[in-house]
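*Asks:* Below is model-v8.txt; it holds compact mmCIF, C-alpha atoms and all ligand atoms.
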```
# COMPACT_ATOMS: atom_id res chain seq x y z
CA MET A 4 115.32 118.57 140.34
CA SER A 5 116.43 121.11 142.89
CA GLY A 6 119.12 120.30 145.46
CA ARG A 7 122.06 117.96 145.03
CA HIS A 8 122.00 114.62 143.29
CA PHE A 9 123.06 111.74 145.56
CA LEU A 10 125.64 109.60 143.74
CA GLN A 11 125.80 106.53 145.95
CA ILE A 12 126.93 103.93 143.46
CA PRO A 13 130.17 102.18 144.44
CA GLY A 14 132.15 104.27 142.01
CA PRO A 15 132.50 106.65 140.37
CA THR A 16 132.18 108.40 143.71
CA ASN A 17 131.49 112.00 144.68
CA VAL A 18 134.37 114.28 143.72
CA PRO A 19 135.08 116.83 146.49
CA ASP A 20 134.70 120.49 145.52
CA ARG A 21 138.36 121.15 146.31
CA VAL A 22 139.37 118.46 143.80
CA LEU A 23 137.00 119.83 141.14
CA ARG A 24 138.43 123.29 141.71
CA ALA A 25 142.00 122.00 141.49
CA MET A 26 141.25 120.51 138.07
CA ALA A 27 139.77 123.77 136.76
CA ARG A 28 143.17 125.19 135.84
CA PRO A 29 144.88 125.81 132.54
CA THR A 30 146.42 122.74 130.97
CA ILE A 31 150.19 123.16 130.82
CA ASP A 32 153.01 121.87 128.61
CA HIS A 33 153.42 118.22 129.59
CA ARG A 34 157.08 118.41 128.60
CA GLY A 35 157.83 121.50 130.65
CA PRO A 36 159.32 121.94 134.15
CA GLU A 37 156.05 122.75 135.94
CA PHE A 38 154.49 119.52 134.72
CA ALA A 39 157.57 117.51 135.76
CA ARG A 40 157.21 118.85 139.32
CA LEU A 41 153.52 117.96 139.37
CA ALA A 42 154.11 114.44 138.03
CA ARG A 43 156.90 113.67 140.50
CA GLU A 44 154.80 115.00 143.35
CA VAL A 45 151.82 112.78 142.56
CA LEU A 46 153.89 109.70 141.73
CA ASP A 47 155.66 110.03 145.11
CA GLY A 48 152.42 110.93 146.86
CA LEU A 49 150.74 107.75 145.64
CA ARG A 50 153.25 105.47 147.38
CA PRO A 51 151.89 105.90 150.91
CA ILE A 52 148.37 105.23 149.62
CA PHE A 53 149.51 101.84 148.32
CA GLN A 54 151.75 101.49 151.39
CA THR A 55 154.74 100.84 149.16
CA SER A 56 158.20 102.29 148.71
CA GLY A 57 158.39 101.00 145.12
CA PRO A 58 157.29 102.57 141.86
CA VAL A 59 153.66 103.39 141.05
CA VAL A 60 152.82 103.52 137.35
CA MET A 61 149.97 105.66 136.06
CA TYR A 62 148.04 105.29 132.79
CA PRO A 63 145.35 107.45 131.22
CA SER A 64 142.80 104.61 131.49
CA SER A 65 139.93 103.06 133.38
CA GLY A 66 140.51 100.18 135.79
CA THR A 67 140.13 97.68 132.95
CA GLY A 68 143.20 99.16 131.28
CA ALA A 69 145.17 98.76 134.50
CA TRP A 70 144.02 95.10 134.70
CA GLU A 71 145.38 94.52 131.21
CA ALA A 72 148.61 96.35 132.00
CA ALA A 73 149.18 94.11 135.04
CA LEU A 74 148.82 90.96 132.94
CA VAL A 75 150.68 91.93 129.76
CA ASN A 76 153.70 93.29 131.61
CA THR A 77 154.28 90.15 133.64
CA LEU A 78 153.07 87.10 131.68
CA SER A 79 153.72 85.18 128.45
CA PRO A 80 151.32 83.43 126.04
CA GLY A 81 150.22 80.06 127.44
CA ASP A 82 151.17 80.85 131.05
CA THR A 83 148.86 79.52 133.74
CA VAL A 84 147.30 81.91 136.24
CA ILE A 85 144.97 81.20 139.14
CA MET A 86 141.99 83.48 139.72
CA PHE A 87 139.07 83.30 142.17
CA GLU A 88 135.43 83.59 141.17
CA THR A 89 134.39 86.15 143.76
CA GLY A 90 131.85 87.92 141.52
CA HIS A 91 131.31 89.90 138.34
CA PHE A 92 134.61 91.78 138.29
CA ALA A 93 136.70 88.68 138.99
CA THR A 94 134.84 87.01 136.12
CA LEU A 95 135.54 89.90 133.74
CA TRP A 96 139.22 89.80 134.67
CA ARG A 97 139.27 86.04 134.05
CA ASN A 98 137.66 86.58 130.63
CA MET A 99 140.32 89.15 129.78
CA ALA A 100 143.12 86.76 130.79
CA VAL A 101 141.64 84.03 128.57
CA ARG A 102 141.38 86.46 125.64
CA LEU A 103 145.03 87.39 126.14
CA GLY A 104 145.99 83.73 125.66
CA LEU A 105 146.55 82.71 129.28
CA HIS A 106 145.36 79.44 130.83
CA VAL A 107 143.20 80.33 133.79
CA GLY A 108 142.51 78.04 136.73
CA PHE A 109 139.32 79.70 137.98
CA ILE A 110 138.54 78.66 141.56
CA ALA A 111 134.74 78.55 141.78
CA GLY A 112 132.77 80.75 144.17
CA ASP A 113 129.13 81.55 144.88
CA TRP A 114 129.44 85.38 144.64
CA ARG A 115 128.70 85.72 148.37
CA ARG A 116 132.09 84.90 149.84
CA GLY A 117 135.72 85.93 149.42
CA ALA A 118 138.42 83.99 147.58
CA ASP A 119 138.39 80.29 148.49
CA VAL A 120 142.04 79.86 149.40
CA SER A 121 141.52 76.31 150.65
CA MET A 122 141.57 75.19 147.00
CA LEU A 123 144.80 77.05 146.32
CA ASP A 124 147.06 74.82 148.43
CA ALA A 125 146.46 71.66 146.44
CA MET A 126 146.98 73.50 143.14
CA LEU A 127 150.24 75.07 144.29
CA VAL A 128 151.62 71.88 145.80
CA ALA A 129 150.76 69.87 142.66
CA ASP A 130 152.50 72.44 140.49
CA ARG A 131 156.05 71.16 140.97
CA ALA A 132 157.16 72.51 137.57
CA HIS A 133 155.96 75.99 138.55
CA THR A 134 153.76 76.41 135.49
CA ILE A 135 151.50 78.70 137.55
CA LYS A 136 152.99 82.14 136.97
CA ALA A 137 150.54 84.34 138.85
CA VAL A 138 147.73 84.25 141.40
CA CYS A 139 145.24 87.09 140.89
CA VAL A 140 142.70 88.20 143.47
CA VAL A 141 140.16 91.00 143.71
CA HIS A 142 140.61 92.55 147.16
CA ASN A 143 137.13 94.12 147.29
CA GLU A 144 134.60 92.58 144.89
CA THR A 145 132.49 95.59 143.96
CA SER A 146 129.65 93.47 142.58
CA THR A 147 129.05 91.72 145.92
CA GLY A 148 130.43 93.88 148.73
CA VAL A 149 132.77 91.09 149.84
CA THR A 150 136.48 91.42 150.59
CA SER A 151 139.12 88.72 150.26
CA SER A 152 142.14 88.36 152.50
CA VAL A 153 145.21 89.21 150.45
CA GLU A 154 147.39 88.24 153.41
CA ASP A 155 145.87 84.76 153.34
CA VAL A 156 146.67 84.31 149.66
CA ARG A 157 150.25 85.44 150.32
CA ARG A 158 150.51 83.01 153.27
CA HIS A 159 149.44 80.10 151.08
CA LEU A 160 151.93 81.02 148.36
CA ASN A 161 154.72 81.22 150.94
CA ALA A 162 153.71 77.99 152.65
CA ALA A 163 153.91 76.19 149.29
CA HIS A 164 157.25 77.92 148.51
CA HIS A 165 155.69 78.84 145.17
CA PRO A 166 157.26 81.67 143.12
CA ALA A 167 154.04 82.77 141.32
CA LEU A 168 153.44 86.51 141.28
CA LEU A 169 150.66 87.86 143.48
CA ILE A 170 148.52 90.35 141.51
CA VAL A 171 145.75 92.18 143.37
CA ASP A 172 142.84 94.34 142.17
CA THR A 173 142.26 97.12 144.71
CA ILE A 174 140.02 99.16 142.43
CA SER A 175 137.29 99.61 145.04
CA SER A 176 139.42 99.24 148.17
CA LEU A 177 142.41 101.57 147.71
CA GLY A 178 141.95 104.63 149.89
CA SER A 179 138.91 103.06 151.60
CA ILE A 180 140.04 99.76 153.15
CA ASP A 181 143.46 99.10 154.68
CA TYR A 182 145.76 97.75 151.97
CA ARG A 183 149.50 97.10 152.28
CA HIS A 184 151.36 96.42 149.04
CA ASP A 185 154.82 95.99 150.61
CA GLU A 186 153.89 94.31 153.88
CA TRP A 187 151.70 91.73 152.13
CA ASP A 188 154.41 91.18 149.54
CA VAL A 189 152.15 91.88 146.59
CA ASP A 190 153.82 92.01 143.18
CA VAL A 191 151.36 94.10 141.21
CA THR A 192 148.53 96.14 142.72
CA VAL A 193 145.87 97.40 140.31
CA ALA A 194 143.83 100.53 141.07
CA CYS A 195 142.09 103.45 139.43
CA SER A 196 140.94 106.98 140.11
CA GLN A 197 137.15 106.99 140.47
CA LYS A 198 136.57 105.22 143.79
CA GLY A 199 138.45 105.79 147.05
CA LEU A 200 140.72 108.35 145.43
CA MET A 201 137.68 110.62 144.89
CA LEU A 202 138.58 111.59 141.33
CA PRO A 203 136.65 111.35 138.08
CA PRO A 204 137.31 108.21 135.99
CA GLY A 205 140.39 108.34 133.77
CA LEU A 206 143.48 107.20 135.68
CA GLY A 207 144.67 103.62 136.10
CA PHE A 208 147.47 102.74 138.54
CA LEU A 209 149.84 99.87 139.18
CA ALA A 210 152.14 99.51 142.17
CA VAL A 211 154.96 97.22 141.14
CA SER A 212 157.41 95.09 143.16
CA GLU A 213 161.08 94.51 142.33
CA LYS A 214 160.24 90.90 141.54
CA ALA A 215 157.50 91.93 139.08
CA LEU A 216 159.93 94.34 137.40
CA ALA A 217 162.47 91.54 136.98
CA VAL A 218 159.88 89.03 135.71
CA SER A 219 158.57 91.63 133.28
CA ARG A 220 161.84 91.71 131.36
CA GLY A 221 161.19 88.15 130.14
CA ALA A 222 157.39 88.43 129.77
CA LYS A 223 156.29 87.89 126.17
CA LEU A 224 152.64 88.96 125.96
CA ALA A 225 152.38 91.70 123.31
CA ARG A 226 152.32 95.17 124.82
CA SER A 227 152.85 98.66 123.58
CA TYR A 228 150.62 101.32 125.18
CA TRP A 229 150.67 99.36 128.46
CA ASP A 230 154.41 98.68 128.51
CA TRP A 231 155.55 99.91 131.90
CA ALA A 232 159.29 99.99 131.05
CA PRO A 233 159.24 103.28 129.05
CA MET A 234 156.71 104.67 131.53
CA ILE A 235 158.93 104.01 134.56
CA ALA A 236 162.00 105.31 132.69
CA ASP A 237 160.29 108.59 131.67
CA ASN A 238 158.55 109.02 135.05
CA ARG A 239 161.95 109.31 136.74
CA SER A 240 162.30 112.79 135.29
CA GLY A 241 158.57 113.57 135.66
CA PHE A 242 157.54 112.80 132.09
CA PHE A 243 155.38 110.30 130.22
CA PRO A 244 155.94 108.42 126.95
CA TYR A 245 152.66 109.90 125.65
CA THR A 246 150.33 112.77 126.54
CA PRO A 247 149.19 112.45 130.17
CA PRO A 248 145.79 113.68 131.45
CA THR A 249 147.25 116.84 133.01
CA ASN A 250 144.10 118.14 134.69
CA LEU A 251 143.40 114.79 136.34
CA LEU A 252 146.87 115.05 137.86
CA TYR A 253 145.97 118.43 139.38
CA GLY A 254 142.95 116.69 140.88
CA LEU A 255 145.05 113.77 142.05
CA ARG A 256 147.48 116.09 143.86
CA GLU A 257 144.55 117.66 145.72
CA ALA A 258 142.89 114.30 146.50
CA LEU A 259 146.17 112.93 147.89
CA CYS A 260 146.45 116.04 150.11
CA ALA A 261 142.90 115.48 151.38
CA LEU A 262 143.62 111.82 152.22
CA MET A 263 146.87 112.69 153.99
CA GLU A 264 145.24 115.53 155.96
CA GLU A 265 142.59 113.15 157.26
CA GLY A 266 145.20 110.41 157.81
CA LEU A 267 144.81 106.96 156.28
CA PRO A 268 143.86 105.19 159.55
CA ASN A 269 141.05 107.75 160.01
CA VAL A 270 139.94 107.29 156.41
CA PHE A 271 139.71 103.53 156.92
CA ALA A 272 137.88 103.96 160.26
CA ARG A 273 135.38 106.34 158.64
CA HIS A 274 134.61 103.78 155.93
CA ARG A 275 134.25 100.98 158.50
CA ARG A 276 131.85 103.07 160.56
CA HIS A 277 129.64 103.99 157.60
CA ALA A 278 129.58 100.38 156.46
CA GLU A 279 128.52 99.24 159.93
CA ALA A 280 125.75 101.87 160.08
CA THR A 281 124.51 100.75 156.66
CA ARG A 282 124.41 97.10 157.72
CA ARG A 283 122.45 98.06 160.85
CA ALA A 284 119.89 99.78 158.61
CA VAL A 285 119.62 96.73 156.35
CA LYS A 286 119.18 94.46 159.36
CA ALA A 287 116.48 96.70 160.84
CA TRP A 288 114.65 96.69 157.49
CA GLY A 289 114.63 92.88 157.74
CA LEU A 290 116.53 92.59 154.44
CA GLU A 291 119.43 90.28 153.72
CA LEU A 292 123.05 91.19 153.07
CA LEU A 293 124.60 89.47 150.07
CA ALA A 294 127.88 89.03 151.99
CA VAL A 295 127.71 85.91 154.15
CA ASN A 296 130.79 86.16 156.38
CA PRO A 297 131.09 89.14 158.75
CA GLU A 298 134.89 89.08 158.53
CA GLU A 299 134.55 89.64 154.76
CA TYR A 300 132.09 92.56 154.91
CA SER A 301 133.19 95.41 152.66
CA SER A 302 133.68 98.91 154.03
CA SER A 303 133.25 100.41 150.53
CA LEU A 304 129.77 99.21 149.68
CA THR A 305 126.89 97.07 150.87
CA ALA A 306 124.98 94.77 148.50
CA VAL A 307 121.40 94.17 149.65
CA VAL A 308 119.35 91.15 148.50
CA MET A 309 115.79 91.91 147.38
CA PRO A 310 112.96 89.85 148.86
CA TYR A 311 111.88 87.07 146.48
CA GLY A 312 109.65 88.37 143.66
CA TYR A 313 110.79 92.01 143.89
CA ASP A 314 113.09 93.55 141.31
CA ALA A 315 116.06 95.59 142.50
CA ASP A 316 116.17 97.70 139.34
CA THR A 317 112.50 98.71 139.71
CA LEU A 318 113.36 99.90 143.22
CA ARG A 319 116.46 101.74 142.00
CA ALA A 320 114.56 103.43 139.21
CA ALA A 321 111.85 104.62 141.63
CA ILE A 322 114.46 105.94 144.06
CA LEU A 323 116.26 107.82 141.29
CA ASP A 324 113.01 109.22 139.94
CA ARG A 325 111.54 110.36 143.26
CA PHE A 326 114.57 111.20 145.35
CA ASP A 327 117.38 111.84 142.83
CA LEU A 328 119.52 109.15 144.46
CA SER A 329 121.61 106.76 142.31
CA LEU A 330 122.28 103.31 143.79
CA GLY A 331 124.40 100.53 142.24
CA THR A 332 122.69 97.96 140.05
CA GLY A 333 123.10 94.19 140.39
CA LEU A 334 125.79 93.04 137.95
CA GLY A 335 125.93 89.83 135.91
CA GLN A 336 124.00 87.00 137.57
CA LEU A 337 122.97 89.37 140.38
CA LYS A 338 121.00 91.65 138.02
CA GLY A 339 117.60 92.40 139.52
CA HIS A 340 118.41 90.46 142.70
CA VAL A 341 120.55 92.99 144.57
CA PHE A 342 121.08 96.71 144.79
CA ARG A 343 124.32 98.19 146.06
CA ILE A 344 124.78 101.14 148.38
CA GLY A 345 128.14 102.85 147.83
CA HIS A 346 129.58 104.43 150.99
CA LEU A 347 133.13 105.10 149.84
CA GLY A 348 135.11 108.17 148.95
CA ASP A 349 134.11 111.69 149.96
CA PHE A 350 131.29 110.90 152.37
CA ASN A 351 130.00 111.82 155.82
CA ASP A 352 127.34 110.90 158.37
CA LEU A 353 124.62 113.14 157.01
CA MET A 354 125.23 111.97 153.43
CA LEU A 355 124.80 108.41 154.69
CA GLY A 356 121.66 109.45 156.58
CA GLY A 357 120.24 110.98 153.39
CA THR A 358 121.17 107.93 151.33
CA LEU A 359 119.55 105.49 153.74
CA SER A 360 116.46 107.74 153.96
CA GLY A 361 116.14 107.54 150.18
CA VAL A 362 116.37 103.74 150.32
CA GLU A 363 113.83 103.47 153.13
CA MET A 364 111.34 105.78 151.39
CA GLY A 365 111.89 103.92 148.12
CA LEU A 366 111.18 100.54 149.73
CA ALA A 367 107.89 101.93 151.00
CA ALA A 368 107.03 103.61 147.70
CA VAL A 369 107.54 100.45 145.66
CA GLY A 370 105.73 98.23 148.18
CA VAL A 371 108.67 96.02 149.09
CA PRO A 372 107.92 94.14 152.34
CA PHE A 373 110.25 95.56 155.01
CA SER A 374 110.24 96.88 158.57
CA SER A 375 110.70 100.60 159.01
CA GLY A 376 113.39 101.82 161.36
CA GLY A 377 116.52 101.20 159.32
CA VAL A 378 117.41 104.87 159.15
CA THR A 379 116.83 105.25 162.90
CA ALA A 380 119.08 102.25 163.61
CA ALA A 381 121.84 103.74 161.46
CA LEU A 382 121.54 107.23 162.93
CA ASP A 383 121.52 105.79 166.43
CA TYR A 384 124.80 104.00 165.70
CA LEU A 385 126.28 107.07 164.01
CA TRP A 386 125.72 109.47 166.87
CA ARG A 387 126.77 106.96 169.51
CA SER A 388 130.01 106.22 167.65
CA ALA A 389 130.73 109.83 166.62
CA ARG A 390 134.24 110.98 167.53
C1 LIG B 401 136.82 95.59 141.49
C2 LIG B 401 136.77 96.18 140.11
N1 LIG B 401 137.65 95.77 139.20
C3 LIG B 401 137.66 96.28 137.95
C4 LIG B 401 136.75 97.25 137.56
C5 LIG B 401 136.78 97.80 136.18
O1 LIG B 401 137.14 99.14 136.23
P1 LIG B 401 136.69 100.18 135.10
O2 LIG B 401 135.20 100.10 134.98
O3 LIG B 401 137.19 101.50 135.58
O4 LIG B 401 137.35 99.76 133.84
C6 LIG B 401 135.81 97.71 138.49
C7 LIG B 401 134.83 98.73 138.13
O5 LIG B 401 133.97 99.10 138.88
C8 LIG B 401 135.83 97.16 139.80
O6 LIG B 401 134.96 97.58 140.72
```
Once you've parsed the file, please lay out its structure as structure tokens.
Ligand SMILES: Cc1ncc(COP(=O)(O)O)c(C=O)c1O

*Replies:*
Amino acid sequence: MSGRHFLQIPGPTNVPDRVLRAMARPTIDHRGPEFARLAREVLDGLRPIFQTSGPVVMYPSSGTGAWEAALVNTLSPGDTVIMFETGHFATLWRNMAVRLGLHVGFIAGDWRRGADVSMLDAMLVADRAHTIKAVCVVHNETSTGVTSSVEDVRRHLNAAHHPALLIVDTISSLGSIDYRHDEWDVDVTVACSQKGLMLPPGLGFLAVSEKALAVSRGAKLARSYWDWAPMIADNRSGFFPYTPPTNLLYGLREALCALMEEGLPNVFARHRRHAEATRRAVKAWGLELLAVNPEEYSSSLTAVVMPYGYDADTLRAAILDRFDLSLGTGLGQLKGHVFRIGHLGDFNDLMLGGTLSGVEMGLAAVGVPFSSGGVTAALDYLWRSAR
């Protein structure tokens, strides 16, 4: 097909040309002085993105690797952790924790709402022996387009005077939705490269609190590749215990520059605005949002419910085939029932206009019952709210 492909899945996201160019450089000696400068620069540059003054650890991995690293560095076999069933990714993380030998209290959810913290109180208060060692929450559930309030979870932990660690997955929120590791007193924040950071897949990140570092010294889950102690020790001088993905670090340095040039508050506002325009389109089409509560709407992506009897993947396939636009599939129990529009990362008004045009034409092409005018509603909002 001629022209550009539209990659509007909720990650991996579009990689800006300047980041692609930055990565197209010779790979250097990862034990030499030039690499050490690069590593220290990106490790320091990541802190403001997490809004932390503490260490950020980086692994050559996907987000799943960073999930595992967060658990094995802080917990011991048989420990109890609380997790919230916010959707597909929270369920995968729960499954991983069970496989690692942890007892998981999984607070049920309907995959349309954020973490149900009302259930947390009773569990924390009943846990006088402090057998619960961690509470894990997915900040932005990428399968549903629903955010959870990390501050709320922290408030409940504090109100119960419970010492459990707070571990947060920000894989599809970091660099897109306001997130404050230090202010919200989070112990381990999990992230990766291919979403708001506008990089290809391949880097996993953890921001780590002092408390998590201390707890980690007594944590007994087996760990080797994921052990953050040698990583943090070597990172001090700009090195890694094993071969790092050098060219991704060139890209990361450029992506961090781009985010800082725009300014994080502007980045968050841009994502909010594109999310609002997308929801206006969905509303005008007469389709339903999967997210139920407006205060939990995601700025990274919008999950749209298909009218009864129509298959989301048939629609997605037609849109890809005719318009060269990739949309996110429904995951797990949502397969076929929803499609997801990614509006995070390197994105602007006209890219959103093109994306929504592809959706609107696809709905018509496949014969899904809808009202036209979604694109117009979105464009109307975009030009009225343009800065
Ligand atoms: C919220 C969330 N957590 C975890 C993951 C897993 O990350 P990865 O596929 O990079 O291993 C994803 C992937 O999309 C995600 O969106």

*Asks:* What is the CA of Leu216 in chain A to CA of Asp237 in chain A distance in Å?

*Replies:*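 Separating CA of Leu216 in chain A from CA of Asp237 in chain A is a distance of 15.4 Å.
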
*Asks:* List every protein, DNA or RNA residue that has at least one atom no more than 10 Å from (149.8, 88.7, 148.7) in the file's coordinates, counting all atoms listed in the file, and write the result as a compact mmCIF listing (two decimals) with C-alpha atoms, in the coordinates of the input.

*Replies:*
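Just written: result07.txt:
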```txt
# COMPACT_ATOMS: atom_id res chain seq x y z
CA VAL A 138 147.73 84.25 141.40
CA CYS A 139 145.24 87.09 140.89
CA VAL A 140 142.70 88.20 143.47
CA SER A 152 142.14 88.36 152.50
CA VAL A 153 145.21 89.21 150.45
CA GLU A 154 147.39 88.24 153.41
CA ASP A 155 145.87 84.76 153.34
CA VAL A 156 146.67 84.31 149.66
CA ARG A 157 150.25 85.44 150.32
CA ARG A 158 150.51 83.01 153.27
CA HIS A 159 149.44 80.10 151.08
CA LEU A 160 151.93 81.02 148.36
CA ASN A 161 154.72 81.22 150.94
CA LEU A 168 153.44 86.51 141.28
CA LEU A 169 150.66 87.86 143.48
CA ILE A 170 148.52 90.35 141.51
CA VAL A 171 145.75 92.18 143.37
CA ARG A 183 149.50 97.10 152.28
CA HIS A 184 151.36 96.42 149.04
CA ASP A 185 154.82 95.99 150.61
CA GLU A 186 153.89 94.31 153.88
CA TRP A 187 151.70 91.73 152.13
CA ASP A 188 154.41 91.18 149.54
CA VAL A 189 152.15 91.88 146.59
CA ASP A 190 153.82 92.01 143.18
CA VAL A 191 151.36 94.10 141.21
CA THR A 192 148.53 96.14 142.72
```

*Asks:* Show me a table, sorted first by chain and then by increasing residue number, of the residues of range 48-74 of chain A having an atom at most 6 Å from range 205-213 of chain A, each with its shortest atom pair and the distance in Å to one decimal, counting all atoms listed in the file and written as a Markdown table.

*Replies:*
```
| residue | atom | partner | partner_atom | distance |
| --- | --- | --- | --- | --- |
| A:Pro58 | CA | A:Val211 | CA | 5.9 |
| A:Val59 | CA | A:Ala210 | CA | 4.3 |
| A:Val60 | CA | A:Leu209 | CA | 5.1 |
| A:Met61 | CA | A:Phe208 | CA | 4.6 |
| A:Tyr62 | CA | A:Gly207 | CA | 5.0 |
| A:Pro63 | CA | A:Leu206 | CA | 4.8 |
| A:Ser64 | CA | A:Leu206 | CA | 5.0 |
| A:Ser65 | CA | A:Gly205 | CA | 5.3 |
| A:Gly66 | CA | A:Gly207 | CA | 5.4 |
| A:Ala69 | CA | A:Gly207 | CA | 5.1 |
```

*Asks:* Output C-alpha atoms for every residue in that selection, as a PDB file, in the coordinates of the input.

*Replies:*
```pdb
ATOM      1  CA  PRO A  58     157.290 102.570 141.860  1.00  0.00           C
ATOM      2  CA  VAL A  59     153.660 103.390 141.050  1.00  0.00           C
ATOM      3  CA  VAL A  60     152.820 103.520 137.350  1.00  0.00           C
ATOM      4  CA  MET A  61     149.970 105.660 136.060  1.00  0.00           C
ATOM      5  CA  TYR A  62     148.040 105.290 132.790  1.00  0.00           C
ATOM      6  CA  PRO A  63     145.350 107.450 131.220  1.00  0.00           C
ATOM      7  CA  SER A  64     142.800 104.610 131.490  1.00  0.00           C
ATOM      8  CA  SER A  65     139.930 103.060 133.380  1.00  0.00           C
ATOM      9  CA  GLY A  66     140.510 100.180 135.790  1.00  0.00           C
ATOM     10  CA  ALA A  69     145.170  98.760 134.500  1.00  0.00           C
TER      11      ALA A  69
END
```

*Asks:* For a quick check of understanding, using only C-alpha atoms and all ligand atoms, which of A:Arg273, A:Arg50, A:His91, A:Arg282 has the smallest distance to ligand LIG 401 (chain B)?

*Replies:* A:His91

*Asks:* Which one is closest to ligand LIG 401 (chain B): A:Ile52, A:Ile174, A:Arg116, A:Ala389? Count all atoms listed in the file.

*Replies:* A:Ile174

*Asks:* Using only the atoms of range 85-98 of chain A listed in the file, plus 6 Å on each side, state the axis-aligned box centre and edge lengths in Å rounded to one decimal, as lines of an AutoDock Vina configuration file.

*Replies:*
```
center_x = 138.1
center_y = 86.5
center_z = 137.2
size_x = 25.7
size_y = 22.6
size_z = 25.1
```

*Asks:* Please, what distance in Å, to one decimal, runs between CA of Lys223 in chain A and CA of Val75 in chain A?

*Replies:*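 Rounded to one decimal, the two atoms are 7.8 Å apart.
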
*Asks:* Please determine, counting all atoms listed in the file, which residue among A:Asp383, A:Asp47, A:Asp172, A:Asp82 has the shortest atom-to-atom distance to ligand LIG 401 (chain B).

*Replies:*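 Of A:Asp383, A:Asp47, A:Asp172, A:Asp82, the one nearest ligand LIG 401 (chain B), counting all atoms listed in the file, is A:Asp172.
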